[in-house]
>>> print(open('protein-v8.tsv').read())   # TSV, C-alpha atoms
chain	number	residue	atom	x	y	z
A	1059	MET	CA	-27.34	81.40	134.39
A	1060	ALA	CA	-30.82	79.93	134.67
A	1061	LEU	CA	-31.34	76.27	135.43
A	1062	LEU	CA	-32.75	74.14	132.65
A	1063	ALA	CA	-36.49	74.54	132.53
A	1064	GLN	CA	-37.36	70.98	131.49
A	1065	GLU	CA	-35.85	67.51	131.93
A	1066	ARG	CA	-37.28	64.13	131.02
A	1067	ARG	CA	-37.65	62.53	134.41
A	1068	LEU	CA	-37.41	59.06	135.82
A	1069	PRO	CA	-39.30	58.21	139.00
A	1070	THR	CA	-37.36	58.84	142.20
A	1071	GLN	CA	-35.07	55.84	142.63
A	1072	ASP	CA	-34.85	53.87	145.85
A	1073	PHE	CA	-31.30	52.91	146.79
A	1074	GLY	CA	-32.52	50.31	149.28
A	1075	ARG	CA	-31.57	47.58	146.81
A	1076	VAL	CA	-27.87	48.39	147.37
A	1077	ALA	CA	-28.06	49.41	151.03
A	1078	ASP	CA	-25.81	46.54	152.12
A	1079	ILE	CA	-22.94	47.60	149.85
A	1080	TYR	CA	-23.49	51.36	149.64
A	1081	ASP	CA	-20.90	52.48	152.18
A	1082	ALA	CA	-18.23	50.10	150.91
A	1083	THR	CA	-18.59	51.31	147.34
A	1084	ARG	CA	-18.82	55.06	148.04
A	1085	SER	CA	-16.72	55.69	151.13
A	1086	LEU	CA	-13.84	58.15	151.32
A	1087	PRO	CA	-10.50	57.47	153.03
A	1088	GLU	CA	-10.77	58.22	156.77
A	1089	ASP	CA	-8.49	61.25	156.68
A	1090	GLN	CA	-10.42	62.79	153.79
A	1091	MET	CA	-13.75	62.13	155.51
A	1092	ARG	CA	-12.48	63.79	158.69
A	1093	ALA	CA	-11.36	66.82	156.70
A	1094	LEU	CA	-14.68	67.01	154.91
A	1095	THR	CA	-16.70	66.64	158.11
A	1096	GLY	CA	-14.61	69.37	159.73
A	1097	ALA	CA	-15.14	71.71	156.78
A	1098	ILE	CA	-18.92	71.17	156.90
A	1099	ARG	CA	-18.99	71.76	160.68
A	1100	ASP	CA	-16.95	74.94	160.31
A	1101	GLN	CA	-19.33	76.30	157.68
A	1102	VAL	CA	-22.53	75.46	159.53
A	1103	GLY	CA	-21.19	76.31	162.98
A	1104	PRO	CA	-21.00	74.02	166.04
A	1105	GLY	CA	-24.36	73.46	167.67
A	1106	ASN	CA	-26.37	74.63	164.69
A	1107	THR	CA	-29.02	72.61	162.88
A	1108	LEU	CA	-28.49	70.80	159.58
A	1109	ILE	CA	-30.91	68.75	157.49
A	1110	ASP	CA	-29.33	65.93	155.47
A	1111	ILE	CA	-31.62	65.58	152.45
A	1112	GLY	CA	-31.28	62.05	151.13
A	1113	VAL	CA	-29.57	60.86	154.31
A	1114	GLY	CA	-29.24	57.28	153.07
A	1115	THR	CA	-27.11	55.14	155.37
A	1116	GLY	CA	-26.06	58.16	157.41
A	1117	ARG	CA	-22.64	58.29	155.77
A	1118	PHE	CA	-22.48	62.03	156.46
A	1119	ALA	CA	-25.09	62.40	159.21
A	1120	LYS	CA	-23.30	60.09	161.66
A	1121	PRO	CA	-19.89	61.84	161.73
A	1122	LEU	CA	-21.55	65.26	161.61
A	1123	GLN	CA	-23.67	64.40	164.65
A	1124	GLU	CA	-20.54	63.21	166.41
A	1125	SER	CA	-18.86	66.53	165.55
A	1126	GLY	CA	-21.46	68.49	167.51
A	1127	LEU	CA	-23.98	69.48	164.86
A	1128	GLU	CA	-27.68	68.84	165.33
A	1129	VAL	CA	-28.42	66.81	162.21
A	1130	LEU	CA	-31.76	65.49	161.04
A	1131	GLY	CA	-32.00	63.15	158.08
A	1132	VAL	CA	-34.71	62.60	155.46
A	1133	ASP	CA	-34.93	59.77	152.96
A	1134	ILE	CA	-37.56	57.84	151.02
A	1135	SER	CA	-35.70	54.52	151.31
A	1136	ARG	CA	-36.54	52.33	154.29
A	1137	GLY	CA	-33.65	50.03	153.41
A	1138	MET	CA	-31.06	52.79	153.45
A	1139	MET	CA	-32.38	54.30	156.67
A	1140	ALA	CA	-32.34	50.88	158.32
A	1141	LYS	CA	-28.58	50.97	157.85
A	1142	ALA	CA	-28.46	54.46	159.35
A	1143	LYS	CA	-30.40	53.20	162.37
A	1144	GLU	CA	-27.88	50.38	162.79
A	1145	LYS	CA	-25.22	53.09	163.12
A	1146	ARG	CA	-27.39	54.83	165.75
A	1147	VAL	CA	-27.96	57.88	163.59
A	1148	GLN	CA	-30.52	60.08	165.33
A	1149	GLY	CA	-33.34	62.22	163.97
A	1150	LEU	CA	-34.40	60.19	160.93
A	1151	PHE	CA	-37.56	60.95	158.95
A	1152	LEU	CA	-39.09	58.81	156.21
A	1153	ALA	CA	-40.30	61.42	153.72
A	1154	ASP	CA	-40.29	62.48	150.09
A	1155	VAL	CA	-37.49	64.99	149.47
A	1156	HIS	CA	-39.74	66.78	146.97
A	1157	HIS	CA	-42.00	67.77	149.88
A	1158	LEU	CA	-39.95	68.19	153.03
A	1159	PRO	CA	-42.11	68.03	156.18
A	1160	PHE	CA	-40.55	71.11	157.79
A	1161	GLN	CA	-41.40	74.78	158.13
A	1162	ASP	CA	-39.63	77.47	156.11
A	1163	LYS	CA	-36.13	78.29	157.41
A	1164	ARG	CA	-36.33	75.52	160.01
A	1165	PHE	CA	-32.59	74.73	159.74
A	1166	GLU	CA	-29.43	76.75	159.66
A	1167	ALA	CA	-28.31	74.73	156.64
A	1168	SER	CA	-29.13	71.78	154.43
A	1169	ILE	CA	-26.88	69.31	152.66
A	1170	MET	CA	-27.58	66.98	149.73
A	1171	VAL	CA	-24.97	64.58	148.35
A	1172	HIS	CA	-25.37	62.16	145.41
A	1173	LEU	CA	-29.08	62.89	145.28
A	1174	LEU	CA	-30.15	65.08	142.37
A	1175	HIS	CA	-29.55	62.46	139.66
A	1176	LEU	CA	-31.90	60.08	141.47
A	1177	VAL	CA	-35.00	62.19	141.99
A	1178	ALA	CA	-38.02	62.69	139.74
A	1179	ASP	CA	-37.83	66.51	139.84
A	1180	TRP	CA	-34.40	67.79	140.81
A	1181	GLN	CA	-35.42	71.44	140.56
A	1182	ARG	CA	-38.19	70.92	143.10
A	1183	VAL	CA	-35.73	69.24	145.48
A	1184	VAL	CA	-33.29	72.16	145.16
A	1185	LYS	CA	-36.09	74.64	145.93
A	1186	GLU	CA	-37.11	72.59	148.97
A	1187	ALA	CA	-33.53	72.59	150.26
A	1188	ALA	CA	-33.43	76.38	149.89
A	1189	ARG	CA	-36.85	76.80	151.50
A	1190	VAL	CA	-35.96	75.05	154.76
A	1191	SER	CA	-32.48	76.63	155.09
A	1192	ARG	CA	-31.74	79.94	156.79
A	1193	ALA	CA	-28.11	80.45	155.85
A	1194	MET	CA	-26.77	77.93	153.33
A	1195	VAL	CA	-27.24	74.87	151.16
A	1196	LEU	CA	-24.23	72.57	150.85
A	1197	THR	CA	-23.10	69.69	148.72
A	1198	VAL	CA	-19.94	67.73	148.01
A	1199	THR	CA	-18.66	67.53	144.46
A	1200	GLY	CA	-15.35	67.11	142.70
A	1201	SER	CA	-13.60	66.42	139.46
A	1202	THR	CA	-11.85	63.24	138.41
A	1203	VAL	CA	-8.85	62.88	136.15
A	1204	GLY	CA	-8.79	59.45	134.56
A	1205	PRO	CA	-11.19	56.98	132.94
A	1206	SER	CA	-14.80	56.53	133.98
A	1207	PHE	CA	-16.50	53.23	133.28
A	1208	GLU	CA	-19.82	54.78	134.23
A	1209	GLU	CA	-19.40	57.30	131.42
A	1210	ASP	CA	-18.48	54.48	129.03
A	1211	TYR	CA	-21.57	52.53	130.11
A	1212	LEU	CA	-23.74	55.60	129.52
A	1213	ALA	CA	-22.23	56.22	126.09
A	1214	ILE	CA	-22.72	52.61	124.96
A	1215	ARG	CA	-26.31	52.38	126.14
A	1216	THR	CA	-27.04	55.66	124.35
A	1217	GLN	CA	-25.53	54.28	121.14
A	1218	LEU	CA	-27.82	51.27	121.51
A	1219	GLY	CA	-30.84	53.55	121.69
A	1220	TYR	CA	-31.32	53.59	125.46
A	1221	PRO	CA	-30.25	57.04	126.72
A	1222	LEU	CA	-30.54	57.65	130.45
A	1223	ASN	CA	-33.20	60.33	130.83
A	1224	ARG	CA	-32.36	61.94	134.13
A	1225	PHE	CA	-30.29	64.83	135.47
A	1226	GLU	CA	-27.11	62.76	135.39
A	1227	ALA	CA	-24.86	65.75	136.15
A	1228	GLY	CA	-26.45	65.95	139.61
A	1229	GLU	CA	-24.97	68.30	142.17
A	1230	ARG	CA	-22.00	69.05	139.93
A	1231	GLY	CA	-24.47	70.11	137.24
A	1232	LEU	CA	-26.17	72.43	139.72
A	1233	GLN	CA	-22.78	73.89	140.60
A	1234	ASP	CA	-22.12	74.58	136.92
A	1235	ARG	CA	-25.49	76.28	136.49
A	1236	VAL	CA	-25.48	78.32	139.69
A	1237	PRO	CA	-21.97	79.51	140.69
A	1238	PRO	CA	-21.67	78.90	144.44
A	1239	ALA	CA	-21.05	81.49	147.12
A	1240	LYS	CA	-18.09	79.39	148.31
A	1241	LEU	CA	-16.06	76.53	146.86
A	1242	ILE	CA	-13.71	74.90	149.34
A	1243	ARG	CA	-11.14	72.36	148.15
A	1244	VAL	CA	-11.03	69.80	150.95
A	1245	GLY	CA	-8.71	67.15	149.58
A	1246	GLU	CA	-7.76	64.74	146.84
A	1247	VAL	CA	-8.09	60.98	146.48
A	1248	GLU	CA	-6.02	58.70	144.27
A	1249	ARG	CA	-7.41	55.33	143.28
A	1250	ASP	CA	-5.95	52.30	141.51
A	1251	PHE	CA	-8.43	49.87	140.03
A	1252	SER	CA	-8.83	47.17	137.43
A	1253	SER	CA	-11.24	47.25	134.53
A	1254	ASP	CA	-12.46	43.77	135.42
A	1255	GLU	CA	-13.51	44.91	138.92
A	1256	GLU	CA	-15.36	47.93	137.54
A	1257	ILE	CA	-17.13	45.91	134.86
A	1258	ALA	CA	-18.10	43.24	137.41
A	1259	SER	CA	-19.67	45.92	139.62
A	1260	LEU	CA	-21.67	47.25	136.68
A	1261	LEU	CA	-22.67	43.70	135.72
A	1262	ARG	CA	-24.11	43.25	139.25
A	1263	ARG	CA	-26.07	46.49	138.70
A	1264	GLU	CA	-24.51	48.16	141.72
A	1265	GLU	CA	-24.87	51.57	140.05
A	1266	SER	CA	-28.26	53.18	139.51
A	1267	LEU	CA	-27.46	54.01	135.88
A	1268	THR	CA	-27.89	50.29	135.13
A	1269	TRP	CA	-31.24	49.75	136.83
A	1270	ASP	CA	-33.67	50.73	134.10
A	1271	LEU	CA	-32.09	48.70	131.27
A	1272	PRO	CA	-33.64	45.43	130.07
A	1273	GLU	CA	-31.37	42.51	130.87
A	1274	ASP	CA	-30.50	41.76	127.25
A	1275	VAL	CA	-29.41	45.36	126.62
A	1276	HIS	CA	-27.48	45.44	129.87
A	1277	GLN	CA	-25.57	42.32	128.82
A	1278	ARG	CA	-24.76	43.90	125.44
A	1279	VAL	CA	-23.29	46.95	127.16
A	1280	ILE	CA	-21.21	44.76	129.47
A	1281	ALA	CA	-19.95	42.71	126.52
A	1282	GLU	CA	-18.83	45.89	124.75
A	1283	LEU	CA	-17.04	47.14	127.87
A	1284	ARG	CA	-15.21	43.82	128.17
A	1285	ALA	CA	-14.24	43.91	124.50
A	1286	ARG	CA	-12.73	47.36	124.97
A	1287	HIS	CA	-11.10	47.12	128.39
A	1288	SER	CA	-10.79	43.58	129.75
A	1289	GLY	CA	-7.62	43.01	131.79
A	1290	GLU	CA	-6.57	46.67	132.00
A	1291	SER	CA	-5.46	48.66	135.06
A	1292	PHE	CA	-6.11	52.33	135.70
A	1293	LYS	CA	-5.46	55.18	138.10
A	1294	THR	CA	-7.69	58.16	138.84
A	1295	THR	CA	-7.22	61.32	140.88
A	1296	SER	CA	-10.34	62.94	142.31
A	1297	ALA	CA	-10.67	66.34	143.95
A	1298	ILE	CA	-13.12	66.72	146.86
A	1299	ASP	CA	-14.90	70.08	147.01
A	1300	LEU	CA	-17.37	71.46	149.54
A	1301	VAL	CA	-19.85	73.66	147.68
A	1302	VAL	CA	-21.88	76.33	149.48
A	1303	TRP	CA	-24.82	78.35	148.12
A	1304	THR	CA	-27.05	80.84	149.85
A	1305	PRO	CA	-30.72	79.84	149.82
A	1306	GLU	CA	-31.47	83.03	147.90
A	1307	GLN	CA	-29.17	81.99	145.04
A	1308	LEU	CA	-31.08	78.73	144.56
A	1309	GLU	CA	-34.52	80.25	145.10
A	1310	ARG	CA	-33.88	82.75	142.33
A	1311	ARG	CA	-32.36	80.38	139.80
A	1312	ALA	CA	-33.99	77.01	140.37
>>> encode(input="protein-v8.tsv", output="structure tokens")
Amino acid sequence: MALLAQERRLPTQDFGRVADIYDATRSLPEDQMRALTGAIRDQVGPGNTLIDIGVGTGRFAKPLQESGLEVLGVDISRGMMAKAKEKRVQGLFLADVHHLPFQDKRFEASIMVHLLHLVADWQRVVKEAARVSRAMVLTVTGSTVGPSFEEDYLAIRTQLGYPLNRFEAGERGLQDRVPPAKLIRVGEVERDFSSDEEIASLLRREESLTWDLPEDVHQRVIAELRARHSGESFKTTSAIDLVVWTPEQLERRA
């Protein structure tokens, strides 16, 4: 199945504005992170080279380096990489992920996580990941059973005439378009949360899907979410999958 030929694109978004809270809002339980790190190491092979495209705060690069992989990280955000440096993540490069500053097949593998919905040209980024990888391109995806306030936010803003024009499906969308060579179920995470906490996070614009909205429209979306869900409690169950493509799969179809 061919990837979509055209997308309306936003500029690449800089997550530096949420660098201080990024890890706290997107971390996995320690046992699940250990399992995921181990699965990535096993696929790439101890001692081999990996490029973390969109390294951010080093959430993956740090434990992978500690596991014995040679990991380099690339990001456009100085704020996010400052956090990675605080963790003593090694091998960081400030660069545009659309134009990776590395030779063809420089690394055994590449990994990109929570990246493709943020870039100006996701297809170009996928091709770059394939270009610099000898053996594989990896990502982490999953499926969630339960409510999503992000999806509700997106639906309301669309109803108000402000659709989000980016590749919102991200790495999961790539997985749907290009069936992977391997799909490894790593674990499962259950989460209890309150609607008020989720709405407060969106109100603070802690998610990138809120960043482009004018303040008055943003407040209208929040008011609608509160009218629908204020005071409610929810539970979700999320699968964690390690997805592996060959570079050739992505070169042909991206």
>>> closest_residue(input="protein-v8.tsv", among="A:Gly1105, A:Gly1228, A:Gly1245, A:Gly1289", to="Glu1166 in chain A", atoms="all atoms listed in the file")
A:Gly1105
>>> closest_residue(input="protein-v8.tsv", among="A:Ala1281, A:Val1247, A:Leu1261, A:Val1198", to="Glu1088 in chain A", atoms="all atoms listed in the file")
A:Val1247
>>> closest_residue(input="protein-v8.tsv", among="A:Leu1212, A:Met1194, A:Ala1297, A:Ile1242", to="Glu1265 in chain A", atoms="all atoms listed in the file")
A:Leu1212
>>> residues_around(input="protein-v8.tsv", residues="Ala1193 in chain A", least_positions_apart="4", cutoff="10 Å", atoms="only C-alpha atoms", output="CSV table (one decimal) with C-alpha atoms, in the frame of the given file")
chain,number,residue,atom,x,y,z
A,1101,GLN,CA,-19.3,76.3,157.7
A,1102,VAL,CA,-22.5,75.5,159.5
A,1163,LYS,CA,-36.1,78.3,157.4
A,1165,PHE,CA,-32.6,74.7,159.7
A,1166,GLU,CA,-29.4,76.8,159.7
A,1167,ALA,CA,-28.3,74.7,156.6
A,1168,SER,CA,-29.1,71.8,154.4
A,1188,ALA,CA,-33.4,76.4,149.9
A,1302,VAL,CA,-21.9,76.3,149.5
A,1303,TRP,CA,-24.8,78.4,148.1
A,1304,THR,CA,-27.0,80.8,149.8
A,1305,PRO,CA,-30.7,79.8,149.8
A,1306,GLU,CA,-31.5,83.0,147.9
>>> closest_residue(input="protein-v8.tsv", among="A:Thr1095, A:Ser1191, A:Gln1148, A:Thr1197", to="Gly1116 in chain A", atoms="only C-alpha atoms")
A:Gln1148
>>> closest_residue(input="protein-v8.tsv", among="A:Asp1100, A:Glu1144, A:Glu1226, A:Asp1110", to="Leu1130 in chain A", atoms="all atoms listed in the file")
A:Asp1110
>>> closest_residue(input="protein-v8.tsv", among="A:His1172, A:His1157, A:Arg1263, A:Lys1145", to="Ala1227 in chain A", atoms="all atoms listed in the file")
A:His1172
>>> atom_distance(input="protein-v8.tsv", atom1="CA of Asp1154 in chain A", atom2="CA of Glu1186 in chain A")
10.7 Å
>>> atom_distance(input="protein-v8.tsv", atom1="CA of Gln1161 in chain A", atom2="CA of Gly1137 in chain A")
26.4 Å
>>> atom_distance(input="protein-v8.tsv", atom1="CA of Gly1114 in chain A", atom2="CA of Ser1135 in chain A")
7.2 Å
>>> residues_around(input="protein-v8.tsv", residues="range 1216-1224 of chain A", least_positions_apart="2", cutoff="12 Å", atoms="all atoms listed in the file", output="PyMOL selection string")
chain A and resi 1064-1071+1173-1181+1208-1214+1226-1228+1231+1266-1272+1274-1279+1282
>>> residues_around(input="protein-v8.tsv", residues="Lys1185 in chain A", least_positions_apart="3", cutoff="7 Å", atoms="all atoms listed in the file", output="VMD selection string")
chain A and resid 1181 to 1182 1188 to 1189 1308 to 1309 1312
>>> residues_around(input="protein-v8.tsv", residues="Leu1152 in chain A", least_positions_apart="4", cutoff="8 Å", atoms="only C-alpha atoms", output="compact mmCIF listing (two decimals) with C-alpha atoms, keeping the file's coordinate frame")
# COMPACT_ATOMS: atom_id res chain seq x y z
CA VAL A 1132 -34.71 62.60 155.46
CA ASP A 1133 -34.93 59.77 152.96
CA ILE A 1134 -37.56 57.84 151.02
CA SER A 1135 -35.70 54.52 151.31
CA ARG A 1136 -36.54 52.33 154.29
>>> axis_aligned_box(input="protein-v8.tsv", around="range 1162-1172 of chain A", padding_each_side="5 Å", output="lines of an AutoDock Vina configuration file")
center_x = -32.3
center_y = 70.2
center_z = 152.7
size_x = 24.7
size_y = 26.1
size_z = 24.6
